[in-house]
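Novice: Below is input34.cif; it holds mmCIF, N, CA and C atoms.
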```
data_model
#
loop_
_atom_site.label_atom_id
_atom_site.label_comp_id
_atom_site.auth_asym_id
_atom_site.auth_seq_id
_atom_site.Cartn_x
_atom_site.Cartn_y
_atom_site.Cartn_z
N MET A 1 1.42 -14.32 11.36
CA MET A 1 2.77 -13.90 11.02
C MET A 1 3.45 -15.00 10.20
N ARG A 2 4.41 -14.56 9.45
CA ARG A 2 5.25 -15.49 8.70
C ARG A 2 6.67 -15.36 9.25
N LEU A 3 7.47 -16.37 9.02
CA LEU A 3 8.87 -16.33 9.40
C LEU A 3 9.68 -16.12 8.13
N PHE A 4 10.57 -15.15 8.18
CA PHE A 4 11.40 -14.80 7.02
C PHE A 4 12.87 -14.87 7.40
N GLY A 5 13.68 -15.22 6.43
CA GLY A 5 15.11 -15.02 6.52
C GLY A 5 15.42 -13.79 5.69
N VAL A 6 16.00 -12.78 6.30
CA VAL A 6 16.36 -11.57 5.56
C VAL A 6 17.87 -11.58 5.41
N LYS A 7 18.32 -11.60 4.16
CA LYS A 7 19.76 -11.66 3.85
C LYS A 7 20.26 -10.28 3.49
N GLY A 8 21.44 -9.94 4.00
CA GLY A 8 22.06 -8.65 3.70
C GLY A 8 23.24 -8.84 2.78
N PHE A 9 23.15 -8.25 1.57
CA PHE A 9 24.20 -8.38 0.56
C PHE A 9 24.97 -7.08 0.42
N PRO A 10 26.31 -7.14 0.43
CA PRO A 10 27.08 -5.94 0.09
C PRO A 10 26.78 -5.55 -1.36
N GLU A 11 27.01 -4.30 -1.69
CA GLU A 11 26.74 -3.82 -3.04
C GLU A 11 27.38 -4.71 -4.11
N SER A 12 26.61 -5.07 -5.10
CA SER A 12 27.02 -5.87 -6.26
C SER A 12 27.59 -7.25 -5.91
N SER A 13 27.21 -7.81 -4.79
CA SER A 13 27.67 -9.15 -4.42
C SER A 13 26.48 -10.11 -4.42
N GLU A 14 26.74 -11.36 -4.77
CA GLU A 14 25.71 -12.39 -4.70
C GLU A 14 25.85 -13.22 -3.43
N ILE A 15 26.84 -12.90 -2.60
CA ILE A 15 27.06 -13.62 -1.35
C ILE A 15 26.71 -12.71 -0.18
N PRO A 16 25.68 -13.07 0.60
CA PRO A 16 25.31 -12.22 1.74
C PRO A 16 26.37 -12.29 2.84
N THR A 17 26.39 -11.28 3.68
CA THR A 17 27.33 -11.28 4.81
C THR A 17 26.63 -11.52 6.14
N VAL A 18 25.31 -11.27 6.19
CA VAL A 18 24.57 -11.43 7.44
C VAL A 18 23.14 -11.87 7.12
N VAL A 19 22.55 -12.59 8.06
CA VAL A 19 21.17 -13.07 7.92
C VAL A 19 20.42 -12.78 9.22
N TRP A 20 19.18 -12.34 9.09
CA TRP A 20 18.30 -12.12 10.24
C TRP A 20 17.12 -13.07 10.16
N HIS A 21 16.64 -13.54 11.30
CA HIS A 21 15.39 -14.29 11.38
C HIS A 21 14.34 -13.30 11.85
N VAL A 22 13.27 -13.15 11.07
CA VAL A 22 12.29 -12.10 11.32
C VAL A 22 10.87 -12.68 11.24
N ARG A 23 10.02 -12.28 12.19
CA ARG A 23 8.59 -12.58 12.11
C ARG A 23 7.88 -11.31 11.67
N ALA A 24 7.10 -11.41 10.59
CA ALA A 24 6.39 -10.24 10.07
C ALA A 24 5.21 -10.70 9.21
N MET A 25 4.34 -9.75 8.84
CA MET A 25 3.18 -10.07 8.01
C MET A 25 3.55 -10.30 6.55
N SER A 26 4.64 -9.70 6.09
CA SER A 26 5.02 -9.80 4.67
C SER A 26 6.53 -9.65 4.54
N ALA A 27 7.04 -9.99 3.36
CA ALA A 27 8.46 -9.81 3.08
C ALA A 27 8.86 -8.34 3.17
N GLU A 28 7.98 -7.47 2.69
CA GLU A 28 8.27 -6.03 2.74
C GLU A 28 8.39 -5.55 4.18
N ARG A 29 7.50 -6.04 5.03
CA ARG A 29 7.55 -5.65 6.46
C ARG A 29 8.79 -6.21 7.14
N ALA A 30 9.18 -7.43 6.78
CA ALA A 30 10.40 -8.02 7.34
C ALA A 30 11.61 -7.16 7.00
N ILE A 31 11.67 -6.69 5.78
CA ILE A 31 12.78 -5.81 5.37
C ILE A 31 12.73 -4.49 6.13
N GLN A 32 11.52 -3.93 6.32
CA GLN A 32 11.40 -2.69 7.09
C GLN A 32 11.93 -2.85 8.51
N LEU A 33 11.63 -3.98 9.14
CA LEU A 33 12.09 -4.20 10.51
C LEU A 33 13.62 -4.27 10.59
N VAL A 34 14.25 -4.81 9.56
CA VAL A 34 15.71 -4.96 9.56
C VAL A 34 16.42 -3.68 9.13
N GLU A 35 15.80 -2.89 8.25
CA GLU A 35 16.44 -1.69 7.70
C GLU A 35 16.99 -0.74 8.76
N GLY A 36 16.33 -0.64 9.89
CA GLY A 36 16.76 0.30 10.92
C GLY A 36 17.89 -0.20 11.81
N LEU A 37 18.31 -1.45 11.63
CA LEU A 37 19.36 -2.01 12.48
C LEU A 37 20.74 -1.59 11.99
N PRO A 38 21.69 -1.35 12.91
CA PRO A 38 23.03 -0.93 12.50
C PRO A 38 23.72 -1.92 11.56
N ASP A 39 23.51 -3.22 11.77
CA ASP A 39 24.16 -4.23 10.91
C ASP A 39 23.69 -4.18 9.47
N ALA A 40 22.55 -3.54 9.21
CA ALA A 40 21.97 -3.51 7.87
C ALA A 40 22.45 -2.32 7.03
N ALA A 41 23.15 -1.39 7.64
CA ALA A 41 23.58 -0.18 6.93
C ALA A 41 24.40 -0.53 5.69
N GLY A 42 23.98 0.00 4.56
CA GLY A 42 24.72 -0.17 3.31
C GLY A 42 24.51 -1.51 2.62
N LEU A 43 23.63 -2.36 3.15
CA LEU A 43 23.41 -3.67 2.54
C LEU A 43 22.11 -3.69 1.74
N ARG A 44 22.09 -4.48 0.67
CA ARG A 44 20.87 -4.76 -0.07
C ARG A 44 20.17 -5.90 0.65
N LEU A 45 18.91 -5.71 1.00
CA LEU A 45 18.19 -6.69 1.81
C LEU A 45 17.21 -7.49 0.95
N VAL A 46 17.22 -8.80 1.14
CA VAL A 46 16.32 -9.71 0.43
C VAL A 46 15.67 -10.62 1.45
N ALA A 47 14.32 -10.70 1.42
CA ALA A 47 13.60 -11.55 2.37
C ALA A 47 13.14 -12.83 1.67
N VAL A 48 13.28 -13.95 2.38
CA VAL A 48 12.83 -15.25 1.89
C VAL A 48 11.86 -15.82 2.93
N ASP A 49 10.66 -16.18 2.49
CA ASP A 49 9.64 -16.74 3.37
C ASP A 49 10.04 -18.16 3.74
N THR A 50 10.12 -18.45 5.03
CA THR A 50 10.54 -19.78 5.47
C THR A 50 9.46 -20.52 6.25
N GLY A 51 8.24 -19.97 6.33
CA GLY A 51 7.17 -20.70 6.98
C GLY A 51 6.42 -19.90 8.01
N CYS A 52 5.65 -20.61 8.82
CA CYS A 52 4.82 -19.97 9.84
C CYS A 52 5.66 -19.53 11.03
N GLY A 53 5.24 -18.44 11.64
CA GLY A 53 5.90 -17.96 12.84
C GLY A 53 4.89 -17.66 13.93
N LEU A 54 5.37 -17.26 15.06
CA LEU A 54 4.50 -16.89 16.17
C LEU A 54 3.77 -15.58 15.85
N PRO A 55 2.70 -15.26 16.58
CA PRO A 55 1.87 -14.11 16.22
C PRO A 55 2.42 -12.73 16.60
N VAL A 56 3.68 -12.62 16.94
CA VAL A 56 4.26 -11.34 17.36
C VAL A 56 5.40 -10.98 16.42
N GLU A 57 5.38 -9.73 15.96
CA GLU A 57 6.46 -9.25 15.09
C GLU A 57 7.77 -9.18 15.85
N SER A 58 8.86 -9.62 15.23
CA SER A 58 10.16 -9.51 15.91
C SER A 58 11.30 -9.79 14.95
N VAL A 59 12.47 -9.32 15.34
CA VAL A 59 13.73 -9.72 14.74
C VAL A 59 14.43 -10.53 15.81
N SER A 60 14.50 -11.86 15.61
CA SER A 60 14.91 -12.71 16.71
C SER A 60 16.38 -13.10 16.71
N GLN A 61 17.03 -13.04 15.57
CA GLN A 61 18.43 -13.48 15.56
C GLN A 61 19.16 -12.82 14.41
N THR A 62 20.39 -12.45 14.66
CA THR A 62 21.29 -11.96 13.62
C THR A 62 22.50 -12.86 13.63
N MET A 63 22.89 -13.33 12.45
CA MET A 63 24.05 -14.20 12.38
C MET A 63 24.80 -13.98 11.07
N PRO A 64 26.09 -14.23 11.09
CA PRO A 64 26.83 -14.11 9.84
C PRO A 64 26.39 -15.19 8.87
N TRP A 65 26.50 -14.92 7.59
CA TRP A 65 26.19 -15.92 6.57
C TRP A 65 27.12 -17.11 6.79
N PRO A 66 26.56 -18.32 6.99
CA PRO A 66 27.40 -19.46 7.40
C PRO A 66 28.27 -20.06 6.30
N TRP A 67 28.05 -19.68 5.03
CA TRP A 67 28.84 -20.23 3.93
C TRP A 67 29.49 -19.07 3.18
N PRO A 68 30.61 -18.54 3.67
CA PRO A 68 31.18 -17.29 3.14
C PRO A 68 31.51 -17.31 1.66
N ASN A 69 31.75 -18.46 1.06
CA ASN A 69 32.13 -18.49 -0.35
C ASN A 69 31.02 -18.98 -1.25
N LYS A 70 29.80 -19.11 -0.74
CA LYS A 70 28.68 -19.59 -1.53
C LYS A 70 27.59 -18.55 -1.62
N ALA A 71 27.07 -18.39 -2.83
CA ALA A 71 25.96 -17.46 -3.04
C ALA A 71 24.71 -18.00 -2.37
N ALA A 72 23.78 -17.11 -2.11
CA ALA A 72 22.52 -17.50 -1.46
C ALA A 72 21.62 -18.23 -2.43
#
```
Would you encode the structure as C-alpha cells?

Specialist:
Amino acid sequence: MRLFGVKGFPESSEIPTVVWHVRAMSAERAIQLVEGLPDAAGLRLVAVDTGCGLPVESVSQTMPWPWPNKAA
C-alpha cells in the first residue's frame, strides 16, 4: 500500500478545504475511497503520494486544510 493525501477542492478553487489521509494501492483507488464520504460531496479530489503505508486499505483521518489562504 501507499499513503496518499487526498485534497478536496471546491469548484474552480486552488485552495482545498479538506484533506484525507488514505492508504491505497494507487492514487485512483485513494480517490475512490474518499468519493463516497459525505465530506467529499461536490469537491474536486486530487491525490498526492506521500510514501509507504501499512498493508491495509483505509481512510484514516479527515482534517480541514490547515492553511486556509494558501493554495496546495

Novice: Counting only C-alpha atoms, which residue out of A:Cys52, A:Phe9, A:Ala47, A:Asn69 sits closest to Arg29 (chain A)?

Specialist: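 The answer is A:Ala47, which sits nearest to Arg29 (chain A).
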
Novice: With all atoms listed in the file counted, which protein, DNA or RNA residues have an atom no more than 8 Å from (30.5, -18.5, -1.5) in the file frame? Please answer as an MDAnalysis selection string.

Specialist: chainID A and resid 14:16 67:72

Novice: Emit the selected residues as an mmCIF file, keeping the file's coordinate frame, including N, CA and C atoms.

Specialist:
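Result file follows (out09.cif):
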```cif
data_model
loop_
_atom_site.group_PDB
_atom_site.id
_atom_site.type_symbol
_atom_site.label_atom_id
_atom_site.label_comp_id
_atom_site.auth_asym_id
_atom_site.auth_seq_id
_atom_site.Cartn_x
_atom_site.Cartn_y
_atom_site.Cartn_z
ATOM 1 N N GLU A 14 26.740 -11.360 -4.770
ATOM 2 C CA GLU A 14 25.710 -12.390 -4.700
ATOM 3 C C GLU A 14 25.850 -13.220 -3.430
ATOM 4 N N ILE A 15 26.840 -12.900 -2.600
ATOM 5 C CA ILE A 15 27.060 -13.620 -1.350
ATOM 6 C C ILE A 15 26.710 -12.710 -0.180
ATOM 7 N N PRO A 16 25.680 -13.070 0.600
ATOM 8 C CA PRO A 16 25.310 -12.220 1.740
ATOM 9 C C PRO A 16 26.370 -12.290 2.840
ATOM 10 N N TRP A 67 28.050 -19.680 5.030
ATOM 11 C CA TRP A 67 28.840 -20.230 3.930
ATOM 12 C C TRP A 67 29.490 -19.070 3.180
ATOM 13 N N PRO A 68 30.610 -18.540 3.670
ATOM 14 C CA PRO A 68 31.180 -17.290 3.140
ATOM 15 C C PRO A 68 31.510 -17.310 1.660
ATOM 16 N N ASN A 69 31.750 -18.460 1.060
ATOM 17 C CA ASN A 69 32.130 -18.490 -0.350
ATOM 18 C C ASN A 69 31.020 -18.980 -1.250
ATOM 19 N N LYS A 70 29.800 -19.110 -0.740
ATOM 20 C CA LYS A 70 28.680 -19.590 -1.530
ATOM 21 C C LYS A 70 27.590 -18.550 -1.620
ATOM 22 N N ALA A 71 27.070 -18.390 -2.830
ATOM 23 C CA ALA A 71 25.960 -17.460 -3.040
ATOM 24 C C ALA A 71 24.710 -18.000 -2.370
ATOM 25 N N ALA A 72 23.780 -17.110 -2.110
ATOM 26 C CA ALA A 72 22.520 -17.500 -1.460
ATOM 27 C C ALA A 72 21.620 -18.230 -2.430
#
```

Novice: Evaluating the PyMOL selection byres ((chain A and resi 31-42) around 8) on the displayed file yields which residues, as a PyMOL selection string?

Specialist: chain A and resi 6+8-11+18+20+22+24+26-30+43-47+58-59

Novice: Kindly give the distance, in Å, that separates atom C of Pro66 (chain A) and atom C of Leu54 (chain A), rounded to a single decimal.

Specialist: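 Interatomic distance here is 26.7 Å.
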
Novice: As an MDAnalysis selection string, please: every residue in chain A that a backbone DSSP assignment puts in helix (DSSP H, G or I).

Specialist: chainID A and resid 27:35 38:40

Novice: Nearest residue to Met25 (chain A) out of A:Met63, A:Ser13, A:Val48, A:Arg2, using only C-alpha atoms?

Specialist: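 Using only C-alpha atoms, Met25 (chain A) sits closest to A:Arg2.
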
Novice: For the PyMOL selection byres ((chain A and resi 49) around 6.5), applied here, can you spell out every residue it catches as a compact mmCIF listing (two decimals) with N, CA and C atoms, keeping the file's coordinate frame?

Specialist:
```
# COMPACT_ATOMS: atom_id res chain seq x y z
N LEU A 3 7.47 -16.37 9.02
CA LEU A 3 8.87 -16.33 9.40
C LEU A 3 9.68 -16.12 8.13
N PHE A 4 10.57 -15.15 8.18
CA PHE A 4 11.40 -14.80 7.02
C PHE A 4 12.87 -14.87 7.40
N GLY A 5 13.68 -15.22 6.43
CA GLY A 5 15.11 -15.02 6.52
C GLY A 5 15.42 -13.79 5.69
N ALA A 47 14.32 -10.70 1.42
CA ALA A 47 13.60 -11.55 2.37
C ALA A 47 13.14 -12.83 1.67
N VAL A 48 13.28 -13.95 2.38
CA VAL A 48 12.83 -15.25 1.89
C VAL A 48 11.86 -15.82 2.93
N THR A 50 10.12 -18.45 5.03
CA THR A 50 10.54 -19.78 5.47
C THR A 50 9.46 -20.52 6.25
N GLY A 51 8.24 -19.97 6.33
CA GLY A 51 7.17 -20.70 6.98
C GLY A 51 6.42 -19.90 8.01
```

Novice: For the strand (DSSP E or B) assignment from backbone DSSP, which residues of chain A qualify? Please present them as a ChimeraX atom specification.

Specialist: /A:2-9,18-24,44-52,58-64

Novice: Limited to N, CA and C atoms, could you put the picked residues into a file as a PDB file, in the coordinates of the input?

Specialist:
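Saved as out23.pdb:
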```pdb
ATOM      1  N   ARG A   2       4.410 -14.560   9.450  1.00  0.00           N
ATOM      2  CA  ARG A   2       5.250 -15.490   8.700  1.00  0.00           C
ATOM      3  C   ARG A   2       6.670 -15.360   9.250  1.00  0.00           C
ATOM      4  N   LEU A   3       7.470 -16.370   9.020  1.00  0.00           N
ATOM      5  CA  LEU A   3       8.870 -16.330   9.400  1.00  0.00           C
ATOM      6  C   LEU A   3       9.680 -16.120   8.130  1.00  0.00           C
ATOM      7  N   PHE A   4      10.570 -15.150   8.180  1.00  0.00           N
ATOM      8  CA  PHE A   4      11.400 -14.800   7.020  1.00  0.00           C
ATOM      9  C   PHE A   4      12.870 -14.870   7.400  1.00  0.00           C
ATOM     10  N   GLY A   5      13.680 -15.220   6.430  1.00  0.00           N
ATOM     11  CA  GLY A   5      15.110 -15.020   6.520  1.00  0.00           C
ATOM     12  C   GLY A   5      15.420 -13.790   5.690  1.00  0.00           C
ATOM     13  N   VAL A   6      16.000 -12.780   6.300  1.00  0.00           N
ATOM     14  CA  VAL A   6      16.360 -11.570   5.560  1.00  0.00           C
ATOM     15  C   VAL A   6      17.870 -11.580   5.410  1.00  0.00           C
ATOM     16  N   LYS A   7      18.320 -11.600   4.160  1.00  0.00           N
ATOM     17  CA  LYS A   7      19.760 -11.660   3.850  1.00  0.00           C
ATOM     18  C   LYS A   7      20.260 -10.280   3.490  1.00  0.00           C
ATOM     19  N   GLY A   8      21.440  -9.940   4.000  1.00  0.00           N
ATOM     20  CA  GLY A   8      22.060  -8.650   3.700  1.00  0.00           C
ATOM     21  C   GLY A   8      23.240  -8.840   2.780  1.00  0.00           C
ATOM     22  N   PHE A   9      23.150  -8.250   1.570  1.00  0.00           N
ATOM     23  CA  PHE A   9      24.200  -8.380   0.560  1.00  0.00           C
ATOM     24  C   PHE A   9      24.970  -7.080   0.420  1.00  0.00           C
ATOM     25  N   VAL A  18      25.310 -11.270   6.190  1.00  0.00           N
ATOM     26  CA  VAL A  18      24.570 -11.430   7.440  1.00  0.00           C
ATOM     27  C   VAL A  18      23.140 -11.870   7.120  1.00  0.00           C
ATOM     28  N   VAL A  19      22.550 -12.590   8.060  1.00  0.00           N
ATOM     29  CA  VAL A  19      21.170 -13.070   7.920  1.00  0.00           C
ATOM     30  C   VAL A  19      20.420 -12.780   9.220  1.00  0.00           C
ATOM     31  N   TRP A  20      19.180 -12.340   9.090  1.00  0.00           N
ATOM     32  CA  TRP A  20      18.300 -12.120  10.240  1.00  0.00           C
ATOM     33  C   TRP A  20      17.120 -13.070  10.160  1.00  0.00           C
ATOM     34  N   HIS A  21      16.640 -13.540  11.300  1.00  0.00           N
ATOM     35  CA  HIS A  21      15.390 -14.290  11.380  1.00  0.00           C
ATOM     36  C   HIS A  21      14.340 -13.300  11.850  1.00  0.00           C
ATOM     37  N   VAL A  22      13.270 -13.150  11.070  1.00  0.00           N
ATOM     38  CA  VAL A  22      12.290 -12.100  11.320  1.00  0.00           C
ATOM     39  C   VAL A  22      10.870 -12.680  11.240  1.00  0.00           C
ATOM     40  N   ARG A  23      10.020 -12.280  12.190  1.00  0.00           N
ATOM     41  CA  ARG A  23       8.590 -12.580  12.110  1.00  0.00           C
ATOM     42  C   ARG A  23       7.880 -11.310  11.670  1.00  0.00           C
ATOM     43  N   ALA A  24       7.100 -11.410  10.590  1.00  0.00           N
ATOM     44  CA  ALA A  24       6.390 -10.240  10.070  1.00  0.00           C
ATOM     45  C   ALA A  24       5.210 -10.700   9.210  1.00  0.00           C
ATOM     46  N   ARG A  44      22.090  -4.480   0.670  1.00  0.00           N
ATOM     47  CA  ARG A  44      20.870  -4.760  -0.070  1.00  0.00           C
ATOM     48  C   ARG A  44      20.170  -5.900   0.650  1.00  0.00           C
ATOM     49  N   LEU A  45      18.910  -5.710   1.000  1.00  0.00           N
ATOM     50  CA  LEU A  45      18.190  -6.690   1.810  1.00  0.00           C
ATOM     51  C   LEU A  45      17.210  -7.490   0.950  1.00  0.00           C
ATOM     52  N   VAL A  46      17.220  -8.800   1.140  1.00  0.00           N
ATOM     53  CA  VAL A  46      16.320  -9.710   0.430  1.00  0.00           C
ATOM     54  C   VAL A  46      15.670 -10.620   1.450  1.00  0.00           C
ATOM     55  N   ALA A  47      14.320 -10.700   1.420  1.00  0.00           N
ATOM     56  CA  ALA A  47      13.600 -11.550   2.370  1.00  0.00           C
ATOM     57  C   ALA A  47      13.140 -12.830   1.670  1.00  0.00           C
ATOM     58  N   VAL A  48      13.280 -13.950   2.380  1.00  0.00           N
ATOM     59  CA  VAL A  48      12.830 -15.250   1.890  1.00  0.00           C
ATOM     60  C   VAL A  48      11.860 -15.820   2.930  1.00  0.00           C
ATOM     61  N   ASP A  49      10.660 -16.180   2.490  1.00  0.00           N
ATOM     62  CA  ASP A  49       9.640 -16.740   3.370  1.00  0.00           C
ATOM     63  C   ASP A  49      10.040 -18.160   3.740  1.00  0.00           C
ATOM     64  N   THR A  50      10.120 -18.450   5.030  1.00  0.00           N
ATOM     65  CA  THR A  50      10.540 -19.780   5.470  1.00  0.00           C
ATOM     66  C   THR A  50       9.460 -20.520   6.250  1.00  0.00           C
ATOM     67  N   GLY A  51       8.240 -19.970   6.330  1.00  0.00           N
ATOM     68  CA  GLY A  51       7.170 -20.700   6.980  1.00  0.00           C
ATOM     69  C   GLY A  51       6.420 -19.900   8.010  1.00  0.00           C
ATOM     70  N   CYS A  52       5.650 -20.610   8.820  1.00  0.00           N
ATOM     71  CA  CYS A  52       4.820 -19.970   9.840  1.00  0.00           C
ATOM     72  C   CYS A  52       5.660 -19.530  11.030  1.00  0.00           C
ATOM     73  N   SER A  58       8.860  -9.620  15.230  1.00  0.00           N
ATOM     74  CA  SER A  58      10.160  -9.510  15.910  1.00  0.00           C
ATOM     75  C   SER A  58      11.300  -9.790  14.950  1.00  0.00           C
ATOM     76  N   VAL A  59      12.470  -9.320  15.340  1.00  0.00           N
ATOM     77  CA  VAL A  59      13.730  -9.720  14.740  1.00  0.00           C
ATOM     78  C   VAL A  59      14.430 -10.530  15.810  1.00  0.00           C
ATOM     79  N   SER A  60      14.500 -11.860  15.610  1.00  0.00           N
ATOM     80  CA  SER A  60      14.910 -12.710  16.710  1.00  0.00           C
ATOM     81  C   SER A  60      16.380 -13.100  16.710  1.00  0.00           C
ATOM     82  N   GLN A  61      17.030 -13.040  15.570  1.00  0.00           N
ATOM     83  CA  GLN A  61      18.430 -13.480  15.560  1.00  0.00           C
ATOM     84  C   GLN A  61      19.160 -12.820  14.410  1.00  0.00           C
ATOM     85  N   THR A  62      20.390 -12.450  14.660  1.00  0.00           N
ATOM     86  CA  THR A  62      21.290 -11.960  13.620  1.00  0.00           C
ATOM     87  C   THR A  62      22.500 -12.860  13.630  1.00  0.00           C
ATOM     88  N   MET A  63      22.890 -13.330  12.450  1.00  0.00           N
ATOM     89  CA  MET A  63      24.050 -14.200  12.380  1.00  0.00           C
ATOM     90  C   MET A  63      24.800 -13.980  11.070  1.00  0.00           C
ATOM     91  N   PRO A  64      26.090 -14.230  11.090  1.00  0.00           N
ATOM     92  CA  PRO A  64      26.830 -14.110   9.840  1.00  0.00           C
ATOM     93  C   PRO A  64      26.390 -15.190   8.870  1.00  0.00           C
TER      94      PRO A  64
END
```

Novice: Please measure the separation of atom N of His21 (chain A) and CA of Glu57 (chain A), giving the value in Å to one decimal.

Specialist: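 Separating atom N of His21 (chain A) from CA of Glu57 (chain A) is a distance of 11.7 Å.
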
Novice: Please measure the separation of atom C of Lys7 (chain A) and CA of Val19 (chain A), giving the value in Å to one decimal.

Specialist: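 One can read the atom C of Lys7 (chain A) to CA of Val19 (chain A) distance as 5.3 Å.
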
Novice: Could I get region 11-24 of chain A from the block written out with N, CA and C atoms, as a CSV table (one decimal), in the first residue's frame?

Specialist:
```
chain,number,residue,atom,x,y,z
A,11,GLU,N,-15.3,23.8,-6.3
A,11,GLU,CA,-15.2,24.1,-7.8
A,11,GLU,C,-14.4,25.4,-8.1
A,12,SER,N,-13.6,25.3,-9.0
A,12,SER,CA,-12.7,26.4,-9.5
A,12,SER,C,-11.9,27.1,-8.5
A,13,SER,N,-11.5,26.4,-7.4
A,13,SER,CA,-10.6,27.0,-6.4
A,13,SER,C,-9.3,26.2,-6.4
A,14,GLU,N,-8.2,26.9,-6.1
A,14,GLU,CA,-6.9,26.3,-6.0
A,14,GLU,C,-6.6,26.0,-4.5
A,15,ILE,N,-7.5,26.4,-3.6
A,15,ILE,CA,-7.2,26.2,-2.2
A,15,ILE,C,-8.2,25.1,-1.7
A,16,PRO,N,-7.6,24.0,-1.2
A,16,PRO,CA,-8.5,22.9,-0.8
A,16,PRO,C,-9.2,23.3,0.6
A,17,THR,N,-10.3,22.6,0.9
A,17,THR,CA,-11.0,22.9,2.1
A,17,THR,C,-10.8,21.7,3.1
A,18,VAL,N,-10.5,20.5,2.6
A,18,VAL,CA,-10.4,19.4,3.5
A,18,VAL,C,-9.3,18.4,2.9
A,19,VAL,N,-8.7,17.7,3.8
A,19,VAL,CA,-7.6,16.7,3.4
A,19,VAL,C,-7.9,15.4,4.1
A,20,TRP,N,-7.7,14.3,3.4
A,20,TRP,CA,-7.9,12.9,4.0
A,20,TRP,C,-6.5,12.2,3.9
A,21,HIS,N,-6.2,11.4,4.9
A,21,HIS,CA,-5.0,10.5,4.8
A,21,HIS,C,-5.6,9.2,4.4
A,22,VAL,N,-5.1,8.6,3.3
A,22,VAL,CA,-5.6,7.4,2.8
A,22,VAL,C,-4.5,6.4,2.5
A,23,ARG,N,-4.7,5.1,2.8
A,23,ARG,CA,-3.9,4.0,2.4
A,23,ARG,C,-4.6,3.3,1.2
A,24,ALA,N,-3.9,3.2,0.1
A,24,ALA,CA,-4.5,2.5,-1.1
A,24,ALA,C,-3.3,2.1,-2.0
```
